[in-house]
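Data from target38.txt: compact mmCIF, C-alpha atoms and all ligand atoms
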```txt
# COMPACT_ATOMS: atom_id res chain seq x y z
CA MET A 138 0.00 0.00 0.00
CA SER A 139 1.32 3.50 -0.77
CA VAL A 140 1.49 6.17 1.94
CA LEU A 141 -2.02 7.42 2.71
CA HIS A 142 -1.16 10.34 4.98
CA ARG A 143 1.65 12.90 5.22
CA LEU A 144 1.36 14.20 8.74
CA CYS A 145 1.93 17.47 10.49
CA ILE A 146 2.06 17.01 14.27
CA LEU A 147 1.49 20.27 16.14
CA GLY A 148 3.06 19.79 19.58
CA SER A 149 5.01 16.63 18.72
CA THR A 150 7.12 16.66 21.91
CA GLY A 151 4.11 16.47 24.25
CA SER A 152 2.36 13.43 25.64
CA ILE A 153 -0.05 13.14 22.67
CA GLY A 154 2.69 13.98 20.16
CA VAL A 155 4.96 11.21 21.46
CA SER A 156 2.09 8.67 21.42
CA THR A 157 1.25 9.75 17.86
CA LEU A 158 4.81 9.13 16.67
CA ASP A 159 4.74 5.74 18.38
CA VAL A 160 1.70 4.75 16.28
CA VAL A 161 3.12 6.34 13.11
CA GLY A 162 6.35 4.35 13.52
CA ARG A 163 4.34 1.11 13.36
CA HIS A 164 2.94 1.95 9.89
CA PRO A 165 5.71 3.13 7.55
CA ASP A 166 3.66 1.69 4.68
CA ARG A 167 0.75 4.07 5.19
CA LEU A 168 1.92 7.03 7.34
CA SER A 169 4.80 9.46 6.94
CA VAL A 170 5.89 12.52 8.89
CA TYR A 171 6.07 15.79 6.95
CA ALA A 172 6.26 18.37 9.78
CA LEU A 173 6.83 18.45 13.54
CA THR A 174 6.53 21.43 15.89
CA ALA A 175 7.55 22.14 19.48
CA HIS A 176 7.71 25.07 21.84
CA THR A 177 10.25 24.15 24.52
CA ARG A 178 11.79 20.66 24.26
CA ILE A 179 13.83 21.53 21.19
CA GLU A 180 16.46 18.77 21.62
CA ALA A 181 13.65 16.20 21.81
CA LEU A 182 12.21 17.76 18.64
CA ALA A 183 15.56 17.29 16.86
CA ALA A 184 15.69 13.62 17.90
CA GLN A 185 12.12 13.05 16.67
CA ALA A 186 12.77 14.84 13.37
CA ALA A 187 15.92 12.76 12.77
CA THR A 188 14.20 9.44 13.59
CA HIS A 189 11.09 10.11 11.52
CA HIS A 190 12.82 11.99 8.65
CA ALA A 191 10.64 15.10 9.03
CA ARG A 192 11.00 17.49 6.09
CA VAL A 193 9.94 20.56 8.10
CA VAL A 194 10.13 21.59 11.75
CA VAL A 195 8.61 24.67 13.38
CA VAL A 196 10.22 26.31 16.41
CA PRO A 197 9.20 29.47 18.27
CA ASP A 198 12.23 31.79 17.87
CA ASP A 199 15.92 32.37 16.99
CA ALA A 200 17.16 30.79 20.22
CA ALA A 201 15.17 27.63 19.54
CA ARG A 202 16.46 27.52 15.95
CA ALA A 203 20.05 27.65 17.27
CA ARG A 204 19.31 24.88 19.79
CA PHE A 205 17.77 22.76 17.06
CA MET A 206 20.83 23.18 14.80
CA ALA A 207 23.18 22.37 17.70
CA ALA A 208 21.26 19.19 18.53
CA TRP A 209 21.01 18.01 14.90
CA PRO A 210 23.03 14.81 14.23
CA SER A 211 25.88 15.54 11.79
CA GLY A 212 25.66 13.81 8.44
CA GLN A 213 21.87 13.79 8.26
CA VAL A 214 20.01 16.13 5.91
CA LEU A 215 18.73 19.08 7.93
CA PRO A 216 14.95 19.67 7.65
CA GLU A 217 13.63 23.09 6.70
CA ILE A 218 13.35 25.07 9.94
CA ARG A 219 10.40 27.43 10.08
CA GLN A 220 9.88 29.88 12.89
CA GLY A 221 7.08 31.60 14.80
CA ALA A 222 3.33 31.39 15.32
CA GLN A 223 2.40 32.33 11.72
CA ALA A 224 4.75 29.65 10.33
CA LEU A 225 3.07 27.13 12.60
CA ALA A 226 -0.40 27.93 11.22
CA ASP A 227 0.96 28.03 7.64
CA THR A 228 2.57 24.61 8.10
CA ALA A 229 -0.73 23.13 9.31
CA ALA A 230 -2.20 24.36 6.01
CA ASP A 231 0.83 23.33 3.87
CA PRO A 232 -0.31 21.69 0.60
CA GLU A 233 2.11 18.78 1.25
CA VAL A 234 0.22 17.88 4.45
CA THR A 235 -2.84 15.64 4.32
CA ALA A 236 -3.50 15.16 8.05
CA VAL A 237 -2.82 17.36 11.07
CA MET A 238 -2.59 16.15 14.66
CA ALA A 239 -3.59 19.17 16.77
CA ALA A 240 -1.79 18.38 20.04
CA ILE A 241 -0.63 21.74 21.34
CA VAL A 242 -1.88 22.40 24.86
CA GLY A 243 -4.20 25.33 25.56
CA ALA A 244 -5.72 28.09 23.45
CA ALA A 245 -2.24 28.51 21.89
CA GLY A 246 -3.24 25.55 19.71
CA LEU A 247 -6.29 27.27 18.24
CA PRO A 248 -4.71 29.14 15.26
CA GLY A 249 -2.97 25.98 13.98
CA ALA A 250 -6.03 23.77 14.40
CA LEU A 251 -8.23 26.36 12.70
CA ALA A 252 -5.75 26.76 9.82
CA ALA A 253 -5.84 22.97 9.30
CA ALA A 254 -9.65 22.98 9.23
CA ARG A 255 -9.71 25.94 6.80
CA ALA A 256 -7.29 24.07 4.53
CA GLY A 257 -9.71 21.11 4.46
CA LYS A 258 -7.28 18.64 6.05
CA ARG A 259 -8.01 15.55 8.07
CA VAL A 260 -7.84 17.11 11.54
CA LEU A 261 -7.11 14.84 14.49
CA LEU A 262 -8.21 17.06 17.34
CA ALA A 263 -6.64 16.49 20.75
CA ASN A 264 -6.51 20.20 21.56
CA LYS A 265 -9.93 20.51 23.21
CA GLU A 266 -9.27 24.13 24.21
CA ALA A 267 -9.63 25.09 20.51
CA LEU A 268 -13.28 23.99 20.55
CA VAL A 269 -13.95 25.52 23.96
CA ALA A 270 -12.63 28.89 22.84
CA ALA A 271 -13.99 28.90 19.29
CA GLY A 272 -16.58 26.14 18.88
CA ALA A 273 -18.82 27.88 16.34
CA LEU A 274 -15.92 29.27 14.31
CA PHE A 275 -14.04 25.98 14.24
CA MET A 276 -17.04 23.78 13.37
CA GLY A 277 -18.08 26.33 10.73
CA ALA A 278 -14.61 26.04 9.15
CA VAL A 279 -14.81 22.22 9.15
CA ARG A 280 -18.20 22.41 7.39
CA THR A 281 -17.28 25.10 4.87
CA HIS A 282 -13.92 23.63 3.87
CA GLY A 283 -14.83 19.95 3.97
CA ALA A 284 -12.27 19.01 6.63
CA GLN A 285 -12.40 15.50 8.13
CA LEU A 286 -12.62 16.18 11.85
CA LEU A 287 -11.78 13.16 14.03
CA PRO A 288 -11.92 13.58 17.81
CA ILE A 289 -8.85 12.23 19.64
CA ASP A 290 -9.88 13.05 23.21
CA SER A 291 -10.67 9.50 24.41
CA GLU A 292 -14.27 10.25 25.47
CA HIS A 293 -15.17 11.97 22.22
CA ASN A 294 -13.41 9.34 20.20
CA ALA A 295 -15.50 6.73 22.05
CA ILE A 296 -18.71 8.64 21.29
CA PHE A 297 -17.69 9.05 17.64
CA GLN A 298 -17.25 5.26 17.48
CA CYS A 299 -20.65 4.61 19.15
CA LEU A 300 -22.70 7.02 17.00
CA PRO A 301 -24.54 5.72 13.89
CA GLN A 302 -21.96 4.81 11.22
CA THR A 303 -23.93 5.92 8.16
CA PRO A 304 -21.97 6.36 4.89
CA ASP A 305 -23.05 10.01 4.60
CA ARG A 306 -22.16 10.86 8.21
CA SER A 307 -21.04 14.45 8.71
CA PHE A 308 -17.78 15.44 10.39
CA ALA A 309 -19.54 18.56 11.68
CA PRO A 310 -23.22 17.67 12.16
CA ALA A 311 -25.66 20.57 12.45
CA GLU A 312 -28.00 18.60 14.74
CA PRO A 313 -27.86 15.57 17.07
CA ALA A 314 -27.64 12.19 15.29
CA PRO A 315 -31.12 10.68 14.77
CA GLY A 316 -32.26 8.25 17.47
CA VAL A 317 -29.71 9.46 20.02
CA ARG A 318 -31.12 10.51 23.40
CA ARG A 319 -28.03 11.37 25.42
CA LEU A 320 -24.23 11.26 25.45
CA LEU A 321 -22.78 9.73 28.64
CA LEU A 322 -19.32 11.18 29.21
CA THR A 323 -17.22 9.16 31.64
CA ALA A 324 -14.73 10.76 34.07
CA SER A 325 -12.23 9.04 36.34
CA GLY A 326 -12.69 11.57 39.16
CA GLY A 327 -8.89 12.06 39.20
CA PRO A 328 -6.50 11.68 42.13
CA PHE A 329 -8.67 13.57 44.65
CA ARG A 330 -11.99 11.76 44.21
CA CYS A 331 -11.84 10.46 47.80
CA THR A 332 -9.48 12.96 49.45
CA ALA A 333 -10.95 14.68 52.53
CA LEU A 334 -12.28 18.09 51.41
CA SER A 335 -10.31 19.79 54.18
CA GLN A 336 -7.06 18.43 52.68
CA LEU A 337 -7.60 19.88 49.22
CA GLU A 338 -6.05 23.25 49.98
CA HIS A 339 -2.78 21.53 50.86
CA VAL A 340 -2.36 19.25 47.83
CA THR A 341 0.81 19.75 45.75
CA PRO A 342 1.28 19.98 41.97
CA ASP A 343 2.94 16.54 41.93
CA GLU A 344 -0.03 15.01 43.79
CA ALA A 345 -2.44 16.70 41.37
CA CYS A 346 -0.46 15.36 38.39
CA ALA A 347 -0.40 11.77 39.71
CA HIS A 348 -3.45 10.64 37.76
CA PRO A 349 -4.60 7.16 38.80
CA ASN A 350 -5.05 5.84 35.22
CA TRP A 351 -3.57 8.16 32.57
CA ARG A 352 -0.07 9.59 31.93
CA MET A 353 -0.56 13.07 30.44
CA GLY A 354 0.94 16.55 30.25
CA ARG A 355 0.86 18.56 33.50
CA LYS A 356 -1.82 21.08 32.51
CA ILE A 357 -4.43 18.47 31.55
CA SER A 358 -3.46 16.42 34.62
CA VAL A 359 -4.36 19.33 36.90
CA ASP A 360 -7.55 19.86 34.87
CA SER A 361 -8.42 16.21 35.49
CA ALA A 362 -7.87 16.66 39.23
CA THR A 363 -10.22 19.67 39.37
CA MET A 364 -12.58 18.09 36.78
CA LEU A 365 -12.35 21.32 34.80
CA ASN A 366 -11.16 18.88 32.13
CA LYS A 367 -14.57 17.18 32.16
CA GLY A 368 -16.20 20.61 31.94
CA LEU A 369 -14.09 21.42 28.85
CA GLU A 370 -15.09 18.02 27.47
CA VAL A 371 -18.82 18.69 27.90
CA ILE A 372 -18.31 21.88 25.89
CA GLU A 373 -16.24 19.93 23.35
CA ALA A 374 -18.97 17.28 23.02
CA HIS A 375 -21.60 19.98 22.59
CA TRP A 376 -19.76 21.35 19.53
CA LEU A 377 -18.53 18.10 18.02
CA PHE A 378 -21.88 16.32 18.12
CA SER A 379 -24.25 19.29 18.10
CA MET A 380 -25.70 18.11 21.40
CA PRO A 381 -27.56 20.41 23.86
CA VAL A 382 -25.92 20.57 27.29
CA ASP A 383 -28.93 19.00 29.05
CA ARG A 384 -28.45 15.85 26.91
CA ILE A 385 -24.82 15.33 27.99
CA GLN A 386 -24.42 13.49 31.28
CA VAL A 387 -21.15 13.20 33.19
CA VAL A 388 -20.69 9.80 34.86
CA VAL A 389 -17.78 9.18 37.23
CA HIS A 390 -16.15 5.85 36.40
CA PRO A 391 -12.91 5.42 38.39
CA GLN A 392 -11.40 2.57 36.30
CA SER A 393 -11.25 4.58 33.00
CA VAL A 394 -12.08 1.49 30.94
CA VAL A 395 -15.45 2.60 29.52
CA HIS A 396 -14.32 5.68 27.61
CA SER A 397 -17.88 7.03 27.06
CA MET A 398 -21.31 5.94 25.86
CA VAL A 399 -24.20 6.86 23.59
CA GLU A 400 -27.77 6.31 24.78
CA TYR A 401 -30.42 5.74 22.08
CA ASP A 402 -34.18 6.39 22.11
CA ASP A 403 -34.93 2.65 22.33
CA GLY A 404 -33.00 2.37 25.62
CA SER A 405 -29.83 0.86 24.08
CA VAL A 406 -26.56 2.19 25.46
CA LEU A 407 -23.47 1.65 23.29
CA ALA A 408 -20.06 1.96 24.95
CA GLN A 409 -16.46 1.86 23.75
CA LEU A 410 -14.02 0.13 26.11
CA GLY A 411 -10.27 -0.22 26.10
CA GLN A 412 -7.07 0.27 28.06
CA PRO A 413 -6.49 3.87 29.17
CA ASP A 414 -3.87 4.46 26.46
CA MET A 415 -4.20 7.36 24.01
CA ARG A 416 -2.63 5.31 21.23
CA THR A 417 -6.06 3.68 20.68
CA PRO A 418 -7.94 6.87 19.74
CA ILE A 419 -4.85 8.14 17.90
CA ALA A 420 -4.65 4.96 15.79
CA PHE A 421 -8.40 5.25 15.14
CA GLY A 422 -7.91 8.79 13.83
CA LEU A 423 -4.85 7.91 11.74
CA GLY A 424 -6.36 4.78 10.24
CA PHE A 425 -9.99 5.87 9.79
CA PRO A 426 -12.02 4.22 8.34
CA ASP A 427 -9.61 1.26 8.64
CA ARG A 428 -8.58 -0.20 12.00
CA ILE A 429 -4.80 -0.29 12.43
CA HIS A 430 -2.48 -1.60 15.16
CA SER A 431 -1.78 0.86 17.98
CA GLY A 432 0.58 -1.12 20.21
CA VAL A 433 -2.05 -1.13 22.98
CA GLY A 434 -2.39 -4.37 24.95
CA LEU A 435 -5.48 -6.49 25.43
CA LEU A 436 -8.27 -5.50 27.79
CA GLU A 437 -8.53 -8.37 30.29
CA LEU A 438 -12.05 -7.82 31.66
CA THR A 439 -11.92 -10.90 33.88
CA ARG A 440 -8.87 -9.47 35.64
CA LEU A 441 -10.65 -6.13 36.19
CA GLY A 442 -13.54 -7.93 37.90
CA HIS A 443 -15.89 -4.95 38.20
CA LEU A 444 -16.58 -1.51 36.77
CA ASP A 445 -18.04 1.26 38.96
CA PHE A 446 -20.15 4.30 38.13
CA GLU A 447 -21.29 7.23 40.29
CA ALA A 448 -22.63 10.79 39.95
CA PRO A 449 -20.10 13.67 40.03
CA ASP A 450 -19.89 15.68 43.26
CA LEU A 451 -20.27 19.37 42.34
CA VAL A 452 -19.18 20.51 45.81
CA ARG A 453 -15.88 18.67 45.55
CA PHE A 454 -15.49 19.75 41.90
CA PRO A 455 -16.69 23.38 41.57
CA CYS A 456 -14.83 23.68 38.24
CA LEU A 457 -17.32 21.28 36.67
CA ARG A 458 -20.23 23.43 37.85
CA LEU A 459 -18.51 26.58 36.50
CA SER A 460 -17.98 24.92 33.11
CA LEU A 461 -21.58 23.78 32.74
CA ASN A 462 -22.76 27.30 33.60
CA ALA A 463 -20.32 28.82 31.11
CA LEU A 464 -21.65 26.61 28.31
CA LYS A 465 -25.21 27.72 29.14
CA GLN A 466 -24.12 31.38 29.15
CA GLY A 467 -22.37 31.39 25.79
CA GLN A 468 -19.10 31.52 23.90
CA GLY A 469 -17.72 34.59 25.67
CA ALA A 470 -18.05 32.79 29.01
CA CYS A 471 -16.36 29.66 27.62
CA ILE A 472 -13.35 31.66 26.38
CA THR A 473 -13.11 33.32 29.80
CA LEU A 474 -13.43 29.98 31.61
CA ASN A 475 -10.62 28.46 29.57
CA ALA A 476 -8.20 31.40 29.67
CA ALA A 477 -8.69 32.01 33.41
CA ASN A 478 -8.10 28.31 34.05
CA GLU A 479 -4.89 28.25 32.00
CA VAL A 480 -3.48 31.15 34.03
CA ALA A 481 -4.64 29.72 37.38
CA VAL A 482 -3.28 26.24 36.63
CA GLU A 483 0.08 27.72 35.65
CA GLY A 484 0.07 29.63 38.96
CA PHE A 485 -0.65 26.41 40.84
CA LEU A 486 2.02 24.44 38.97
CA ASN A 487 4.59 27.18 39.70
CA GLY A 488 3.77 27.08 43.41
CA ARG A 489 2.21 30.56 43.54
CA LEU A 490 -1.40 29.48 44.09
CA ARG A 491 -3.13 26.85 46.17
CA TYR A 492 -5.16 24.17 44.43
CA THR A 493 -8.42 25.51 45.89
CA GLN A 494 -7.68 28.98 44.48
CA ILE A 495 -8.05 27.70 40.91
CA PRO A 496 -11.89 27.69 40.91
CA ALA A 497 -11.97 30.96 42.87
CA ILE A 498 -9.95 32.75 40.17
CA ILE A 499 -12.04 31.30 37.35
CA GLU A 500 -15.28 32.27 39.09
CA GLN A 501 -14.07 35.83 39.69
CA CYS A 502 -13.06 36.23 36.02
CA LEU A 503 -16.44 34.89 34.89
CA GLU A 504 -18.23 37.36 37.17
CA ASP A 505 -16.11 40.30 36.04
CA SER A 506 -16.72 39.42 32.36
CA ALA A 507 -20.42 38.64 32.75
CA ALA A 508 -21.40 41.45 30.35
CA GLY A 509 -19.74 39.63 27.44
CA ALA A 510 -20.73 36.08 28.44
CA SER A 511 -23.12 35.50 25.54
CA THR A 512 -20.90 37.05 22.84
CA THR A 513 -20.30 34.83 19.80
CA PRO A 514 -17.01 35.93 18.23
CA GLU A 515 -17.02 35.97 14.45
CA SER A 516 -13.25 35.95 13.94
CA LEU A 517 -10.12 34.42 15.39
CA ASP A 518 -8.92 37.91 16.37
CA GLU A 519 -12.07 38.47 18.41
CA VAL A 520 -11.54 35.16 20.25
CA LEU A 521 -7.90 36.00 20.95
CA GLU A 522 -8.85 39.47 22.17
CA ILE A 523 -11.26 38.05 24.82
CA ASP A 524 -8.66 35.40 25.68
CA SER A 525 -5.90 38.00 26.26
CA ARG A 526 -8.17 40.28 28.24
CA THR A 527 -9.08 37.39 30.55
CA ARG A 528 -5.43 36.37 30.94
CA ARG A 529 -4.54 39.88 32.12
CA MET A 530 -7.46 39.84 34.56
CA ALA A 531 -6.56 36.37 35.88
CA ALA A 532 -2.86 37.25 36.22
CA GLN A 533 -3.82 40.27 38.31
CA LEU A 534 -6.05 38.09 40.54
CA CYS A 535 -3.23 35.54 40.90
CA ARG A 536 -0.84 38.28 42.08
CA GLN A 537 -3.40 39.45 44.65
CA ALA A 538 -4.05 35.90 45.83
CA ALA A 539 -0.38 34.87 46.11
P1 LIG A 601 1.89 18.39 26.76
O1 LIG A 601 2.08 19.53 27.69
O2 LIG A 601 2.49 17.08 27.07
O3 LIG A 601 2.43 18.84 25.29
C1 LIG A 601 2.07 20.06 24.73
C2 LIG A 601 2.76 20.30 23.38
O4 LIG A 601 2.39 21.61 22.93
C3 LIG A 601 4.28 20.27 23.46
O5 LIG A 601 4.80 19.72 22.26
C4 LIG A 601 4.66 21.76 23.51
O6 LIG A 601 5.94 22.04 22.94
C5 LIG A 601 3.57 22.41 22.66
N1 LIG A 601 3.26 23.77 23.09
C6 LIG A 601 3.01 24.20 24.35
N2 LIG A 601 2.77 25.53 24.35
C7 LIG A 601 2.88 25.95 23.07
C8 LIG A 601 2.74 27.21 22.42
N3 LIG A 601 2.46 28.33 23.11
N4 LIG A 601 2.93 27.27 21.09
C9 LIG A 601 3.23 26.17 20.37
N5 LIG A 601 3.36 24.93 20.93
C10 LIG A 601 3.18 24.82 22.25
O7 LIG A 601 0.30 18.26 26.53
P2 LIG A 601 -0.54 16.93 26.19
O8 LIG A 601 -0.87 16.23 27.44
O9 LIG A 601 0.09 16.19 25.07
O10 LIG A 601 -1.90 17.59 25.67
C11 LIG A 601 -2.00 18.19 24.40
C12 LIG A 601 -3.46 18.49 24.10
O11 LIG A 601 -4.17 17.26 24.00
C13 LIG A 601 -4.17 19.30 25.20
O12 LIG A 601 -5.10 20.17 24.61
C14 LIG A 601 -4.89 18.23 26.01
O13 LIG A 601 -6.05 18.72 26.64
C15 LIG A 601 -5.25 17.22 24.92
N6 LIG A 601 -5.42 15.85 25.42
C16 LIG A 601 -4.37 15.20 25.99
C17 LIG A 601 -4.52 13.90 26.46
C18 LIG A 601 -3.35 13.14 27.06
O14 LIG A 601 -3.50 11.96 27.37
N7 LIG A 601 -2.20 13.73 27.24
C19 LIG A 601 -5.76 13.28 26.37
C20 LIG A 601 -6.82 13.97 25.77
C21 LIG A 601 -6.63 15.25 25.30
MG MG A 602 -10.48 13.14 27.79
```
Hey, can you dump this file as structure tokens for me?
Amino acid sequence: MSVLHRLCILGSTGSIGVSTLDVVGRHPDRLSVYALTAHTRIEALAAQAATHHARVVVVPDDAARARFMAAWPSGQVLPEIRQGAQALADTAADPEVTAVMAAIVGAAGLPGALAAARAGKRVLLANKEALVAAGALFMGAVRTHGAQLLPIDSEHNAIFQCLPQTPDRSFAPAEPAPGVRRLLLTASGGPFRCTALSQLEHVTPDEACAHPNWRMGRKISVDSATMLNKGLEVIEAHWLFSMPVDRIQVVVHPQSVVHSMVEYDDGSVLAQLGQPDMRTPIAFGLGFPDRIHSGVGLLELTRLGHLDFEAPDLVRFPCLRLSLNALKQGQGACITLNAANEVAVEGFLNGRLRYTQIPAIIEQCLEDSAAGASTTPESLDEVLEIDSRTRRMAAQLCRQAA
């Protein structure tokens, strides 16, 4: 078989990027790497580019370019080195690229993901913040430019797999799939599901990042601990599947084996199960509509013994409540929620804020921006303007709180 996809991996040095390259390396017959990008781990980027024979890399600035050159193995043909945020978006839209893995963390990933959608690529979307910040804009671009949007977030990938597989299925449906009553989004509950509430203000970044089932980047690990991640995922599911918020139910499932479910009008509930390993949804997205090997081991249900389910506790997880409210309020509120969270989580990871101050900062930003909560931005610039305004506000609140 000849190569089916020439890939651009935005954020190749992160947790999702590394898992993507692991799957790609198993299929030299059908997948090749065209471009890789990274923001900080430039030596790791050089090693990846050398191993996978990338033709292009994108780095943030002159210093990163110099580091890349210094780390490049002598004797191998140097890839083209592009530089800066515009080059990153242009590379996602490069005519040589057929599929883009959007795996940058945070709203910083939005311009690249949007450029890929506008160029009509196959877009493997891990970067959920892009949909939270610009759901209408992004889904509109997918529709207008005929992009193939495949959700990589494990829950949304599970739902995508459980929805009706009709030949004319849309990658950006304008209404809920026929016959579907609800989406059941599973959540592990993170490392603090059973921690005494009085202890939460003392938890450390390393404790918050010690997820019981998944190994992920530090920002999403903290989001999983606060369950803000599940809030972002409800918003993500709303946009991906055109589903009203009151038809998306969050179910806590500590084992992370059932990745999510779709409930139909006849009472059937379809679930997708598997090991908690992102290589499964990544392989699904890379191979679609074929099923390809991911390197993920077998699911031994008899060894698991039992699977548990419970309702989420909105007192323990105020970030989930704030997210559901933001989705009901509108796009302006969702941009604020996401940007305030990014700033607060960074403050927590750097030791300047306590864990319990994260929801407090988000809530304050939402209150202070209430006038623009229902705004629907019509351009990327408008989204980025609300995002920057919120970041300034949140940074100020962090300084006061520290
Ligand atoms: P990570 O922190 O491990 O990696 C982030 C990547 O983005 C790195 O390559 C980094 O260099 C790049 N990056 C960071 N800031 C950047 C910037 N300003 N400009 C350009 N590049 C930048 O993150 P991750 O855990 O791989 O998560 C990536 C995305 O995938 C997030 O949106 C996350 O929510 C989503 N996701 C991750 C997982 C997981 O298992 N890790 C699961 C589901 C969804
Ligand atoms: Mg997820």
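With a cut-off of 7 Å and using all atoms listed in the file, the polymer residues contacting ligand MG 602 (chain A) are A:Asp290, A:Ser291, A:Glu292, A:Glu370.
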**OP:** Find the spatial neighbours of Val452 in chain A, counting all atoms listed in the file, within a cut-off of 12 Å - ignore same-chain residues fewer than 6 positions away - and output them as number ranges by chain.
**Re:** A: 330, 334, 363-364, 458-459, 493, 496
For the interface of chain A with ligand LIG 601 (chain A) (cut-off 8 Å, counting all atoms listed in the file), please tabulate each contacting residue of chain A alongside its nearest pair of atoms and their separation in Å to one decimal, rows sorted by chain and increasing number, as CSV.
```
residue,atom,partner,partner_atom,distance
A:Leu147,CA,A:LIG601,N5,6.9
A:Gly148,CA,A:LIG601,O5,3.2
A:Ser149,CA,A:LIG601,O5,4.7
A:Thr150,CA,A:LIG601,O5,3.9
A:Gly151,CA,A:LIG601,O3,3.1
A:Ser152,CA,A:LIG601,O9,3.6
A:Ile153,CA,A:LIG601,O9,3.9
A:Gly154,CA,A:LIG601,O9,6.0
A:Val155,CA,A:LIG601,O9,7.8
A:Thr174,CA,A:LIG601,O5,6.8
A:Ala175,CA,A:LIG601,O6,3.8
A:His176,CA,A:LIG601,O6,3.7
A:Thr177,CA,A:LIG601,O6,5.1
A:Arg178,CA,A:LIG601,O6,6.2
A:Pro197,CA,A:LIG601,C9,7.1
A:Ala222,CA,A:LIG601,N4,7.1
A:Leu225,CA,A:LIG601,C9,7.8
A:Ala239,CA,A:LIG601,C12,7.4
A:Ala240,CA,A:LIG601,C11,4.4
A:Ile241,CA,A:LIG601,O4,3.4
A:Val242,CA,A:LIG601,C13,3.9
A:Gly243,CA,A:LIG601,O12,5.3
A:Ala245,CA,A:LIG601,N3,4.9
A:Gly246,CA,A:LIG601,C9,6.5
A:Leu262,CA,A:LIG601,O11,7.8
A:Ala263,CA,A:LIG601,O11,4.2
A:Asn264,CA,A:LIG601,O12,3.4
A:Lys265,CA,A:LIG601,O12,5.0
A:Glu266,CA,A:LIG601,O12,5.8
A:Ala267,CA,A:LIG601,O12,7.8
A:Ile289,CA,A:LIG601,C20,6.7
A:Asp290,CA,A:LIG601,C20,4.1
A:Ser291,CA,A:LIG601,C20,6.1
A:Trp351,CA,A:LIG601,O14,6.4
A:Arg352,CA,A:LIG601,O14,6.2
A:Met353,CA,A:LIG601,N7,3.7
A:Gly354,CA,A:LIG601,O8,3.4
A:Arg355,CA,A:LIG601,O1,6.0
A:Lys356,CA,A:LIG601,O1,6.4
A:Ile357,CA,A:LIG601,O13,5.2
A:Ser358,CA,A:LIG601,O8,7.6
A:Asn366,CA,A:LIG601,O13,7.5
A:Asp414,CA,A:LIG601,O14,7.6
A:Met415,CA,A:LIG601,O14,5.7
```
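Nearest to Leu503 in chain A of all the residues A:Val194, A:Ala477, A:Ala324, A:Val371 is A:Ala477, counting all atoms listed in the file.
The gap separating CA of Leu410 in chain A from CA of Arg319 in chain A is 18.0 Å, in Å to one decimal.
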**OP:** Please indicate the distance in Å from CA of Gly434 in chain A to CA of Glu447 in chain A, rounded to one decimal place.
**Re:** 27.0 Å
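The shortest atom-to-atom distance to Pro301 in chain A, with all atoms listed in the file taken into account, belongs to A:Val399 out of A:Val399, A:Ala226, A:Met276, A:Val433.
Atom pair CA of Thr228 in chain A / CA of Ala186 in chain A has a distance of 15.1 Å (rounded to one decimal).
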Original post:
Could you tell me, as a VMD selection string, which residues have any atom at most 12 Å from (-16.9, 15.4, 7.7), counting only C-alpha atoms?
Top reply: chain A and resid 254 257 to 261 276 to 288 297 303 to 311 377 to 378 425
Print the selection's residues with C-alpha atoms to a file, as a PDB file, in the coordinates of the input.
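Below is the file that was written, selection05.pdb:
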```pdb
ATOM      1  CA  ALA A 254      -9.650  22.980   9.230  1.00  0.00           C
ATOM      2  CA  GLY A 257      -9.710  21.110   4.460  1.00  0.00           C
ATOM      3  CA  LYS A 258      -7.280  18.640   6.050  1.00  0.00           C
ATOM      4  CA  ARG A 259      -8.010  15.550   8.070  1.00  0.00           C
ATOM      5  CA  VAL A 260      -7.840  17.110  11.540  1.00  0.00           C
ATOM      6  CA  LEU A 261      -7.110  14.840  14.490  1.00  0.00           C
ATOM      7  CA  MET A 276     -17.040  23.780  13.370  1.00  0.00           C
ATOM      8  CA  GLY A 277     -18.080  26.330  10.730  1.00  0.00           C
ATOM      9  CA  ALA A 278     -14.610  26.040   9.150  1.00  0.00           C
ATOM     10  CA  VAL A 279     -14.810  22.220   9.150  1.00  0.00           C
ATOM     11  CA  ARG A 280     -18.200  22.410   7.390  1.00  0.00           C
ATOM     12  CA  THR A 281     -17.280  25.100   4.870  1.00  0.00           C
ATOM     13  CA  HIS A 282     -13.920  23.630   3.870  1.00  0.00           C
ATOM     14  CA  GLY A 283     -14.830  19.950   3.970  1.00  0.00           C
ATOM     15  CA  ALA A 284     -12.270  19.010   6.630  1.00  0.00           C
ATOM     16  CA  GLN A 285     -12.400  15.500   8.130  1.00  0.00           C
ATOM     17  CA  LEU A 286     -12.620  16.180  11.850  1.00  0.00           C
ATOM     18  CA  LEU A 287     -11.780  13.160  14.030  1.00  0.00           C
ATOM     19  CA  PRO A 288     -11.920  13.580  17.810  1.00  0.00           C
ATOM     20  CA  PHE A 297     -17.690   9.050  17.640  1.00  0.00           C
ATOM     21  CA  THR A 303     -23.930   5.920   8.160  1.00  0.00           C
ATOM     22  CA  PRO A 304     -21.970   6.360   4.890  1.00  0.00           C
ATOM     23  CA  ASP A 305     -23.050  10.010   4.600  1.00  0.00           C
ATOM     24  CA  ARG A 306     -22.160  10.860   8.210  1.00  0.00           C
ATOM     25  CA  SER A 307     -21.040  14.450   8.710  1.00  0.00           C
ATOM     26  CA  PHE A 308     -17.780  15.440  10.390  1.00  0.00           C
ATOM     27  CA  ALA A 309     -19.540  18.560  11.680  1.00  0.00           C
ATOM     28  CA  PRO A 310     -23.220  17.670  12.160  1.00  0.00           C
ATOM     29  CA  ALA A 311     -25.660  20.570  12.450  1.00  0.00           C
ATOM     30  CA  LEU A 377     -18.530  18.100  18.020  1.00  0.00           C
ATOM     31  CA  PHE A 378     -21.880  16.320  18.120  1.00  0.00           C
ATOM     32  CA  PHE A 425      -9.990   5.870   9.790  1.00  0.00           C
TER      33      PHE A 425
END
```
